[in-house]
>>> print(open('run-v1.cif').read())   # mmCIF, C-alpha atoms (C1' of nucleotides)
data_entry
#
loop_
_atom_site.label_atom_id
_atom_site.label_comp_id
_atom_site.auth_asym_id
_atom_site.auth_seq_id
_atom_site.Cartn_x
_atom_site.Cartn_y
_atom_site.Cartn_z
CA MET A 351 -103.24 -15.57 -146.66
CA PRO A 352 -102.09 -19.09 -145.96
CA GLY A 353 -104.68 -21.81 -146.04
CA ARG A 354 -106.47 -20.63 -149.14
CA ASN A 355 -105.98 -22.35 -152.42
CA GLY A 356 -102.99 -20.17 -153.15
CA LYS A 357 -99.45 -20.56 -151.92
CA GLY A 358 -98.17 -20.96 -148.39
CA PRO A 359 -98.36 -23.95 -146.11
CA PRO A 360 -101.81 -25.44 -145.63
CA TRP A 361 -103.57 -24.32 -142.47
CA TRP A 362 -103.20 -27.68 -140.74
CA HIS A 363 -99.41 -27.92 -140.99
CA GLY A 364 -99.03 -26.14 -137.69
CA LYS A 365 -101.23 -28.69 -135.99
CA PHE A 366 -98.96 -31.47 -137.22
CA ARG A 367 -95.69 -29.81 -136.32
CA GLY A 368 -97.05 -28.85 -132.93
CA CYS A 369 -97.65 -32.49 -132.10
CA GLY A 370 -94.23 -33.58 -133.35
CA TYR A 371 -95.56 -35.45 -136.34
CA ARG A 372 -93.81 -35.48 -139.69
CA LEU A 373 -95.32 -34.17 -142.86
CA THR A 374 -95.39 -36.85 -145.51
CA ILE A 375 -96.93 -37.26 -148.92
CA PRO A 376 -99.38 -39.94 -147.80
CA ARG A 377 -100.61 -37.76 -144.97
CA GLU A 378 -100.90 -34.69 -147.14
CA THR A 379 -102.75 -36.65 -149.79
CA ILE A 380 -105.16 -38.23 -147.36
CA ILE A 381 -106.10 -34.88 -145.88
CA GLU A 382 -106.47 -33.43 -149.34
CA VAL A 383 -108.81 -36.23 -150.35
CA LEU A 384 -110.88 -35.73 -147.23
CA SER A 385 -111.11 -32.00 -147.71
CA LYS A 386 -112.12 -32.35 -151.34
CA ALA A 387 -114.72 -35.00 -150.64
CA ALA A 388 -116.23 -32.93 -147.84
CA LYS A 389 -118.34 -35.84 -146.74
CA HIS A 390 -117.94 -39.10 -144.89
CA LEU A 391 -115.77 -41.65 -146.68
CA SER A 392 -114.88 -45.21 -145.80
CA ALA A 393 -111.25 -46.25 -145.42
CA GLU A 394 -111.44 -48.09 -148.72
CA GLU A 395 -112.92 -45.11 -150.53
CA ILE A 396 -110.12 -42.97 -149.19
CA TYR A 397 -107.62 -45.62 -150.23
CA LEU A 398 -108.93 -45.67 -153.78
CA ALA A 399 -108.97 -41.89 -154.04
CA VAL A 400 -105.44 -41.56 -152.71
CA HIS A 401 -104.29 -44.41 -154.89
CA LYS A 402 -105.24 -42.48 -158.01
CA VAL A 403 -102.81 -39.70 -157.27
CA TYR A 404 -100.26 -41.69 -155.23
CA PRO A 405 -100.33 -45.35 -156.33
CA ALA A 406 -97.67 -46.43 -153.86
CA ILE A 407 -100.05 -45.91 -150.95
CA GLY A 408 -100.87 -48.87 -148.73
CA LEU A 409 -104.14 -49.55 -146.99
CA THR A 410 -102.25 -49.84 -143.72
CA THR A 411 -101.10 -46.27 -143.99
CA ILE A 412 -104.65 -45.15 -144.60
CA TYR A 413 -105.81 -46.70 -141.37
CA ARG A 414 -102.81 -45.51 -139.38
CA THR A 415 -103.10 -41.96 -140.66
CA LEU A 416 -106.81 -41.82 -140.03
CA GLU A 417 -106.31 -42.99 -136.48
CA LEU A 418 -103.71 -40.28 -136.06
CA LEU A 419 -105.98 -37.62 -137.49
CA VAL A 420 -108.81 -38.69 -135.24
CA GLN A 421 -106.50 -38.44 -132.24
CA ILE A 422 -105.36 -34.97 -133.23
CA GLY A 423 -108.97 -33.99 -133.64
CA LEU A 424 -108.67 -33.19 -137.33
CA VAL A 425 -111.00 -36.00 -138.36
CA PHE A 426 -114.21 -37.46 -137.00
CA LYS A 427 -114.87 -41.19 -137.14
CA PHE A 428 -118.43 -42.41 -137.55
CA ASP A 429 -120.22 -45.71 -137.43
CA PHE A 430 -123.40 -45.89 -139.44
CA GLY A 431 -123.98 -49.54 -138.66
CA ASP A 432 -122.91 -51.10 -141.94
CA GLY A 433 -119.74 -52.66 -140.57
CA ARG A 434 -117.24 -50.12 -141.83
CA ALA A 435 -116.16 -46.85 -140.30
CA ARG A 436 -116.57 -43.50 -142.06
CA TYR A 437 -114.22 -40.58 -141.77
CA GLU A 438 -114.78 -36.92 -142.24
CA LEU A 439 -112.73 -33.78 -141.84
CA ALA A 440 -113.63 -32.15 -138.55
CA GLU A 441 -112.71 -28.62 -139.47
CA GLY A 442 -111.50 -26.39 -142.23
CA PRO A 443 -109.78 -23.03 -142.36
CA LYS A 444 -113.06 -21.49 -141.26
CA GLY A 445 -113.29 -23.61 -138.14
CA ILE A 446 -115.43 -26.48 -136.99
CA ARG A 447 -118.02 -27.66 -139.48
CA GLN A 448 -120.99 -28.58 -137.33
CA HIS A 449 -123.48 -31.08 -138.63
CA HIS A 450 -125.27 -34.27 -137.70
CA HIS A 451 -126.47 -37.32 -139.58
CA LEU A 452 -129.72 -38.96 -140.52
CA VAL A 453 -129.28 -42.69 -141.13
CA CYS A 454 -131.95 -44.63 -142.99
CA THR A 455 -132.36 -47.96 -141.23
CA ASN A 456 -133.74 -49.53 -144.38
CA CYS A 457 -131.39 -48.61 -147.22
CA GLY A 458 -128.44 -47.31 -145.21
CA ARG A 459 -128.42 -43.91 -146.87
CA VAL A 460 -126.91 -41.16 -144.77
CA ILE A 461 -128.02 -37.55 -145.01
CA ASP A 462 -126.12 -34.65 -143.54
CA TYR A 463 -128.05 -31.83 -142.04
CA THR A 464 -126.80 -28.54 -140.75
CA ASP A 465 -130.06 -26.87 -139.82
CA PHE A 466 -131.18 -26.59 -136.22
CA ILE A 467 -127.57 -26.45 -135.18
CA ASP A 468 -128.28 -23.45 -132.99
CA GLU A 469 -130.78 -25.37 -130.92
CA ALA A 470 -128.33 -28.22 -130.73
CA LYS A 471 -125.54 -25.94 -129.64
CA GLU A 472 -127.65 -24.50 -126.87
CA PHE A 473 -128.63 -27.94 -125.64
CA LEU A 474 -125.12 -29.29 -125.95
CA SER A 475 -123.34 -26.46 -124.19
CA GLN A 476 -125.73 -26.70 -121.27
CA THR A 477 -125.34 -30.44 -121.05
CA MET A 478 -121.58 -30.30 -121.33
CA LYS A 479 -121.29 -27.74 -118.56
CA ALA A 480 -123.51 -29.76 -116.29
CA LEU A 481 -121.70 -33.00 -117.02
CA ASN A 482 -118.33 -31.44 -116.35
CA LYS A 483 -119.49 -30.45 -112.90
CA LYS A 484 -121.67 -33.36 -111.90
CA CYS A 485 -119.71 -36.29 -113.29
CA ASN A 486 -116.21 -34.87 -113.37
CA PHE A 487 -116.17 -35.85 -117.00
CA LYS A 488 -114.29 -33.55 -119.37
CA ILE A 489 -116.19 -33.63 -122.63
CA THR A 490 -114.17 -33.08 -125.77
CA ASN A 491 -116.55 -34.28 -128.41
CA HIS A 492 -120.06 -35.50 -129.03
CA LEU A 493 -122.14 -37.48 -131.47
CA ILE A 494 -125.75 -37.03 -132.47
CA GLN A 495 -127.36 -39.30 -135.02
CA PHE A 496 -130.95 -39.88 -136.00
CA TYR A 497 -132.30 -43.14 -137.36
CA GLY A 498 -135.42 -43.63 -139.39
CA LEU A 499 -136.78 -44.03 -142.87
CA CYS A 500 -135.75 -41.81 -145.75
CA GLU A 501 -138.25 -40.49 -148.23
CA LYS A 502 -137.97 -43.44 -150.61
CA CYS A 503 -138.12 -46.12 -147.93
CA GLN A 504 -141.31 -44.79 -146.33
CA LYS A 505 -143.43 -46.22 -149.14
CA MET B 37 -150.80 -57.60 -113.05
CA PRO B 38 -148.76 -59.37 -115.68
CA GLY B 39 -145.23 -58.20 -116.24
CA ARG B 40 -144.28 -57.88 -112.61
CA ASN B 41 -142.09 -60.41 -110.92
CA GLY B 42 -145.10 -62.54 -110.06
CA LYS B 43 -146.98 -64.93 -112.30
CA GLY B 44 -148.41 -64.39 -115.73
CA PRO B 45 -146.64 -64.08 -119.06
CA PRO B 46 -143.82 -61.54 -119.20
CA TRP B 47 -144.84 -58.18 -120.57
CA TRP B 48 -142.93 -58.61 -123.83
CA HIS B 49 -144.60 -61.87 -124.93
CA GLY B 50 -147.27 -59.89 -126.70
CA LYS B 51 -144.69 -58.05 -128.71
CA PHE B 52 -143.28 -61.35 -129.92
CA ARG B 53 -146.58 -62.97 -130.76
CA GLY B 54 -147.75 -59.88 -132.51
CA CYS B 55 -144.84 -60.09 -134.92
CA GLY B 56 -145.31 -63.80 -135.53
CA TYR B 57 -142.14 -64.87 -133.78
CA ARG B 58 -141.89 -68.00 -131.69
CA LEU B 59 -141.12 -68.00 -128.03
CA THR B 60 -138.10 -70.15 -127.36
CA ILE B 61 -135.88 -70.82 -124.39
CA PRO B 62 -132.86 -69.08 -125.94
CA ARG B 63 -134.89 -65.96 -126.64
CA GLU B 64 -136.46 -65.91 -123.20
CA THR B 65 -133.10 -66.42 -121.56
CA ILE B 66 -131.38 -63.71 -123.58
CA ILE B 67 -134.03 -61.16 -122.68
CA GLU B 68 -133.86 -62.21 -119.06
CA VAL B 69 -130.11 -61.74 -119.00
CA LEU B 70 -130.46 -58.30 -120.57
CA SER B 71 -133.13 -57.22 -118.14
CA LYS B 72 -131.16 -58.39 -115.14
CA ALA B 73 -127.94 -56.76 -116.30
CA ALA B 74 -129.71 -53.49 -116.95
CA LYS B 75 -126.69 -52.12 -118.70
CA HIS B 76 -124.92 -52.46 -122.01
CA LEU B 77 -123.43 -55.91 -122.65
CA SER B 78 -121.37 -57.25 -125.51
CA ALA B 79 -122.54 -60.29 -127.47
CA GLU B 80 -119.91 -62.40 -125.78
CA GLU B 81 -120.90 -61.26 -122.32
CA ILE B 82 -124.48 -62.13 -123.12
CA TYR B 83 -123.36 -65.49 -124.47
CA LEU B 84 -121.47 -66.30 -121.28
CA ALA B 85 -124.35 -65.25 -119.06
CA VAL B 86 -126.88 -67.27 -121.03
CA HIS B 87 -124.50 -70.21 -121.18
CA LYS B 88 -124.49 -70.48 -117.40
CA VAL B 89 -128.20 -71.19 -117.27
CA TYR B 90 -128.60 -72.76 -120.72
CA PRO B 91 -125.32 -74.39 -121.77
CA ALA B 92 -126.66 -75.57 -125.13
CA ILE B 93 -126.79 -71.99 -126.41
CA GLY B 94 -124.77 -71.12 -129.49
CA LEU B 95 -123.10 -67.82 -130.21
CA THR B 96 -124.91 -67.70 -133.54
CA THR B 97 -128.25 -67.68 -131.79
CA ILE B 98 -127.09 -64.83 -129.59
CA TYR B 99 -126.33 -62.67 -132.61
CA ARG B 100 -129.46 -63.69 -134.46
CA THR B 101 -131.70 -63.03 -131.50
CA LEU B 102 -130.09 -59.69 -130.76
CA GLU B 103 -130.61 -58.61 -134.34
CA LEU B 104 -134.23 -59.63 -134.03
CA LEU B 105 -134.68 -57.76 -130.77
CA VAL B 106 -133.11 -54.65 -132.26
CA GLN B 107 -135.49 -54.89 -135.20
CA ILE B 108 -138.50 -55.23 -132.93
CA GLY B 109 -137.26 -52.26 -130.97
CA LEU B 110 -136.85 -54.15 -127.71
CA VAL B 111 -133.08 -53.68 -127.68
CA PHE B 112 -130.71 -50.85 -128.55
CA LYS B 113 -127.39 -51.54 -130.20
CA PHE B 114 -124.46 -49.28 -129.41
CA ASP B 115 -120.95 -48.80 -130.69
CA PHE B 116 -118.50 -47.37 -128.21
CA GLY B 117 -115.57 -47.62 -130.56
CA ASP B 118 -113.81 -50.67 -129.16
CA GLY B 119 -114.68 -52.93 -132.05
CA ARG B 120 -117.57 -54.80 -130.52
CA ALA B 121 -121.22 -53.86 -130.32
CA ARG B 122 -123.07 -53.43 -127.03
CA TYR B 123 -126.69 -54.27 -126.44
CA GLU B 124 -129.13 -52.96 -123.95
CA LEU B 125 -132.81 -53.43 -123.21
CA ALA B 126 -134.71 -50.51 -124.68
CA GLU B 127 -137.67 -50.60 -122.39
CA GLY B 128 -139.17 -52.30 -119.41
CA PRO B 129 -142.70 -52.68 -118.07
CA LYS B 130 -142.60 -49.01 -117.11
CA GLY B 131 -141.80 -47.85 -120.63
CA ILE B 132 -138.77 -46.47 -122.40
CA ARG B 133 -135.72 -46.02 -120.22
CA GLN B 134 -134.12 -42.84 -121.53
CA HIS B 135 -130.45 -42.31 -121.03
CA HIS B 136 -127.28 -41.42 -122.88
CA HIS B 137 -123.65 -42.36 -122.63
CA LEU B 138 -120.34 -40.78 -121.74
CA VAL B 139 -117.44 -42.59 -123.36
CA CYS B 140 -113.90 -42.05 -122.07
CA THR B 141 -111.62 -41.84 -125.08
CA ASN B 142 -108.64 -42.88 -122.98
CA CYS B 143 -109.69 -45.94 -120.98
CA GLY B 144 -112.91 -46.82 -122.80
CA ARG B 145 -115.07 -46.64 -119.72
CA VAL B 146 -118.71 -45.89 -120.40
CA ILE B 147 -120.91 -44.02 -117.97
CA ASP B 148 -124.68 -43.87 -118.21
CA TYR B 149 -126.39 -40.68 -117.32
CA THR B 150 -130.05 -39.95 -117.01
CA ASP B 151 -129.96 -36.33 -115.92
CA PHE B 152 -130.75 -33.49 -118.31
CA ILE B 153 -133.08 -35.80 -120.14
CA ASP B 154 -135.77 -33.17 -120.11
CA GLU B 155 -133.59 -30.69 -121.94
CA ALA B 156 -132.66 -33.44 -124.37
CA LYS B 157 -136.30 -34.35 -124.94
CA GLU B 158 -137.18 -30.77 -125.68
CA PHE B 159 -134.34 -30.43 -128.15
CA LEU B 160 -135.03 -33.80 -129.72
CA SER B 161 -138.75 -33.37 -130.19
CA GLN B 162 -138.21 -30.01 -131.86
CA THR B 163 -135.52 -31.41 -134.11
CA MET B 164 -137.52 -34.48 -135.01
CA LYS B 165 -140.56 -32.45 -135.97
CA ALA B 166 -138.50 -30.15 -138.11
CA LEU B 167 -136.66 -32.98 -139.79
CA ASN B 168 -139.86 -34.80 -140.59
CA LYS B 169 -141.10 -31.77 -142.44
CA LYS B 170 -137.95 -30.44 -144.04
CA CYS B 171 -136.22 -33.64 -145.08
CA ASN B 172 -139.18 -35.99 -145.38
CA PHE B 173 -137.30 -38.27 -143.03
CA LYS B 174 -139.35 -40.29 -140.57
CA ILE B 175 -137.26 -40.53 -137.43
CA THR B 176 -137.80 -43.60 -135.30
CA ASN B 177 -134.77 -43.47 -133.08
CA HIS B 178 -131.78 -41.39 -132.11
CA LEU B 179 -128.36 -41.61 -130.55
CA ILE B 180 -126.53 -39.12 -128.39
CA GLN B 181 -123.09 -39.86 -127.03
CA PHE B 182 -120.44 -37.71 -125.41
CA TYR B 183 -116.74 -38.37 -125.63
CA GLY B 184 -114.05 -37.10 -123.31
CA LEU B 185 -111.93 -37.96 -120.33
CA CYS B 186 -113.29 -39.60 -117.21
CA GLU B 187 -112.23 -38.50 -113.75
CA LYS B 188 -109.27 -40.86 -113.53
CA CYS B 189 -107.93 -40.17 -117.01
CA GLN B 190 -107.85 -36.39 -116.58
CA LYS B 191 -104.72 -36.61 -114.44
"C1'" DA C 83 -76.15 -29.48 -148.85
"C1'" DC C 84 -75.10 -33.93 -146.07
"C1'" DT C 85 -75.90 -37.38 -142.93
"C1'" DG C 86 -77.58 -40.28 -139.03
"C1'" DG C 87 -81.33 -41.91 -136.53
"C1'" DG C 88 -85.77 -42.68 -135.73
"C1'" DA C 89 -90.40 -42.04 -137.42
"C1'" DA C 90 -93.25 -43.51 -141.27
"C1'" DT C 91 -94.35 -46.72 -144.76
"C1'" DG C 92 -96.17 -50.93 -147.21
"C1'" DA C 93 -96.77 -55.89 -148.10
"C1'" DA C 94 -98.27 -59.84 -146.04
"C1'" DA C 95 -100.13 -62.25 -142.32
"C1'" DA C 96 -102.75 -62.22 -138.13
"C1'" DC C 97 -106.80 -60.89 -135.69
"C1'" DC C 98 -111.44 -61.18 -134.29
"C1'" DA C 99 -116.27 -59.83 -134.19
"C1'" DT C 100 -119.86 -61.06 -136.99
"C1'" DT C 101 -122.25 -63.79 -140.66
"C1'" DA C 102 -123.32 -67.74 -143.79
"C1'" DC C 103 -124.14 -72.55 -144.27
"C1'" DC C 104 -126.65 -76.60 -143.36
"C1'" DA C 105 -128.12 -80.54 -140.98
"C1'" DT C 106 -130.87 -81.10 -136.78
"C1'" DT C 107 -134.24 -79.72 -133.26
"C1'" DA C 108 -138.43 -78.10 -131.38
"C1'" DG C 109 -142.50 -74.46 -131.11
"C1'" DG C 110 -147.30 -74.37 -131.71
"C1'" DA C 111 -151.42 -74.35 -134.87
"C1'" DG C 112 -154.68 -77.56 -136.28
"C1'" DC D 322 -150.49 -85.86 -131.02
"C1'" DT D 323 -148.47 -84.65 -135.60
"C1'" DC D 324 -146.68 -82.10 -139.03
"C1'" DC D 325 -144.68 -78.09 -140.97
"C1'" DT D 326 -141.64 -74.73 -140.61
"C1'" DA D 327 -139.18 -71.52 -137.90
"C1'" DA D 328 -135.32 -71.69 -134.90
"C1'" DT D 329 -131.08 -73.57 -133.41
"C1'" DG D 330 -126.01 -74.54 -133.04
"C1'" DG D 331 -121.58 -76.19 -134.63
"C1'" DT D 332 -118.33 -75.03 -138.03
"C1'" DA D 333 -116.41 -72.55 -141.64
"C1'" DA D 334 -116.14 -68.35 -144.00
"C1'" DT D 335 -116.11 -63.34 -144.28
"C1'" DG D 336 -114.11 -58.93 -144.20
"C1'" DG D 337 -112.79 -54.76 -141.94
"C1'" DT D 338 -109.03 -53.52 -139.13
"C1'" DT D 339 -104.50 -54.33 -136.76
"C1'" DT D 340 -99.92 -56.30 -136.16
"C1'" DT D 341 -95.39 -57.46 -137.76
"C1'" DC D 342 -91.15 -56.37 -139.68
"C1'" DA D 343 -87.94 -55.07 -143.08
"C1'" DT D 344 -87.38 -50.94 -145.87
"C1'" DT D 345 -87.84 -46.03 -146.89
"C1'" DC D 346 -87.35 -41.22 -146.21
"C1'" DC D 347 -88.34 -36.97 -143.23
"C1'" DC D 348 -85.69 -33.56 -141.01
"C1'" DA D 349 -82.76 -31.78 -137.13
"C1'" DG D 350 -78.13 -31.12 -136.33
"C1'" DT D 351 -73.99 -30.55 -138.42
#
>>> encode(input="run-v1.cif", output="C-alpha cells")
Amino acid sequence: MPGRNGKGPPWWHGKFRGCGYRLTIPRETIIEVLSKAAKHLSAEEIYLAVHKVYPAIGLTTIYRTLELLVQIGLVFKFDFGDGRARYELAEGPKGIRQHHHLVCTNCGRVIDYTDFIDEAKEFLSQTMKALNKKCNFKITNHLIQFYGLCEKCQK
Amino acid sequence: MPGRNGKGPPWWHGKFRGCGYRLTIPRETIIEVLSKAAKHLSAEEIYLAVHKVYPAIGLTTIYRTLELLVQIGLVFKFDFGDGRARYELAEGPKGIRQHHHLVCTNCGRVIDYTDFIDEAKEFLSQTMKALNKKCNFKITNHLIQFYGLCEKCQK
DNA sequence: ACTGGGAATGAAAACCATTACCATTAGGAG
DNA sequence: CTCCTAATGGTAATGGTTTTCATTCCCAGT
C-alpha cells in the first residue's frame, strides 16, 4: 500500500513525474517537512526545518519549490497580513484536507477550523457552478478567511 | 440630506471625528479618489490619482492613511497575489457594498461579482454565529475569493 | 552501469512594496 | 488668533521575495 509510512514511492511521486518534474532531495525534504508540520508555515520556517536535515539547502530553492508546488496544486499559499506568505500541504493520501482560517486582527494568531465544512461545501459548489456559467470563469480554487478577535484579545 | 453630492459635510466626517482623527486635505482627497474609482486600487495608483489634484502628497501619507482607513473599517485591504495590496472603499452612504472577487491565476485579472450574495450571507451568518460560540472568536470581517481561469485564459 | 544534456540548485545581488525616521507643517480646541 | 500636537513628506532603511549565473546532479538513452 504505497503512500503509507511503509515502503514504496510516496503518493505524490506520480504527480511530479506526470508533470515532467524531477525528484530531488530538496523537493522531497520540503514536502516531508510540510506534511509533518500539517499546518501553515512561512518560507523561513520551512527553510529552517529543511536545513536541519539537509544543511546544504538554499532559501532560493525553498521559494522556487514552493512556487512549483503551488502551481501543481500540492500546496496552498496564504496571506495572513503579516507581510510573509504561509504555505500548507493541500492534500494527503486521503485527499483534499478542507479547512479555513480565523485570523486575529490584534495579535495575528491564526486558528484552523474544520467544522461547518459541509455548509461551506454546499455554498461553494453552488457558487462555483453559477460562476462557471454566468462569468465564463473556470474556478479551480477558493479562499475563505475570517477576521476578528481571538479569545484573549477580546478583553 | 448630507452625504449626497450636494452640500453639507460628507457622510464619513462623523466617523473621523468620532475617533478623534483630524480632517486633512490628504485624507479627504484619498477617500474621494477611492469613492470615485469604486474598485480596488493599489497604493501607487491611489498615489498617482491623488497627486494629480494635490501634488504635494507623499507616498508615506498614502500608506499611513490607508492603514488608518482600514482600521476604522472604511476601507478593505486585499491581496490578489501579485505582491502589492489593493484597497477599496468598504461602504458608501447606502451602507456596506458586498461583493467578492474572482482572481485569474494566469493573467492576474480580477473580476468583481455581486451575485449570489444572498447565499453567501446565509452561509456566513450561520458560520459566524457558530464560530462565535464554539471558538470564542469574535468575527468582525471576512474574505472570500475564488481563483481560476478567466474567459480568455481558458483557451 | 555510463554518459551527455538540460533541469535543478545555491550564493550573492537585485528588486520593490512597505515602513521608520525626523524635521517641518497645519488642524482645531480654547 | 495662538499654541499644542497630530499629521505630513522626503529620504533612508527594511525585509520578504526574485533574479542572475556558474555549478551540480537527475535520469533517459545508450
>>> interface_residues(input="run-v1.cif", of="chain C", to="chain B", cutoff="9 Å", atoms="only C-alpha atoms (C1' of nucleotides)", output="list of chain:residue names")
C:DA99, C:DT100, C:DT101, C:DA108, C:DG109, C:DG110
>>> calpha_fit_rmsd(input="run-v1.cif", fixed="chain B", moving="chain A")
0.1 Å
>>> interface_residues(input="run-v1.cif", of="chain A", to="chain B", cutoff="6 Å", atoms="all atoms listed in the file", output="ChimeraX atom specification")
/A:486-501
>>> atom_distance(input="run-v1.cif", atom1="atom CA of Tyr437 of chain A", atom2="atom CA of Ile396 of chain A")
8.8 Å
>>> interface_residues(input="run-v1.cif", of="chain D", to="chain A", cutoff="12 Å", atoms="all atoms listed in the file", output="JSON, numbers by chain")
{"D": [335, 336, 337, 338, 339, 340, 341, 345, 346, 347, 348, 349]}
>>> atom_distance(input="run-v1.cif", atom1="atom C1' of DT344 of chain D", atom2="atom C1' of DG92 of chain C")
8.9 Å
>>> atom_distance(input="run-v1.cif", atom1="atom CA of Lys191 of chain B", atom2="atom CA of Val146 of chain B")
17.8 Å
>>> closest_residue(input="run-v1.cif", among="C:DT91, C:DT107, C:DA96, C:DC84", to="DA328 of chain D", atoms="all atoms listed in the file")
C:DT107
>>> resolve_selection(input="run-v1.cif", expression="the PyMOL selection byres ((chain C and resi 103) around 12)", output="PyMOL selection string")
(chain B and resi 96) or (chain C and resi 101-102+104-105) or (chain D and resi 330-334)
>>> write_last_selection(input="run-v1.cif", atoms="C-alpha atoms (C1' of nucleotides)", output="compact mmCIF listing (two decimals), in the coordinates of the input")
# COMPACT_ATOMS: atom_id res chain seq x y z
CA THR B 96 -124.91 -67.70 -133.54
C1' DT C 101 -122.25 -63.79 -140.66
C1' DA C 102 -123.32 -67.74 -143.79
C1' DC C 104 -126.65 -76.60 -143.36
C1' DA C 105 -128.12 -80.54 -140.98
C1' DG D 330 -126.01 -74.54 -133.04
C1' DG D 331 -121.58 -76.19 -134.63
C1' DT D 332 -118.33 -75.03 -138.03
C1' DA D 333 -116.41 -72.55 -141.64
C1' DA D 334 -116.14 -68.35 -144.00
>>> closest_residue(input="run-v1.cif", among="B:Val69, B:Cys55, B:Leu125, B:Ile61", to="Tyr83 of chain B", atoms="only C-alpha atoms")
B:Val69
>>> closest_residue(input="run-v1.cif", among="A:Pro360, A:Glu438, A:Gly423, A:Ile407", to="Ala387 of chain A", atoms="only C-alpha atoms")
A:Glu438
>>> axis_aligned_box(input="run-v1.cif", around="segment 471-484 of chain A", padding_each_side="5 Å", output="JSON")
{"center_x": -123.5, "center_y": -28.9, "center_z": -120.8, "size_x": 20.3, "size_y": 18.9, "size_z": 27.7}
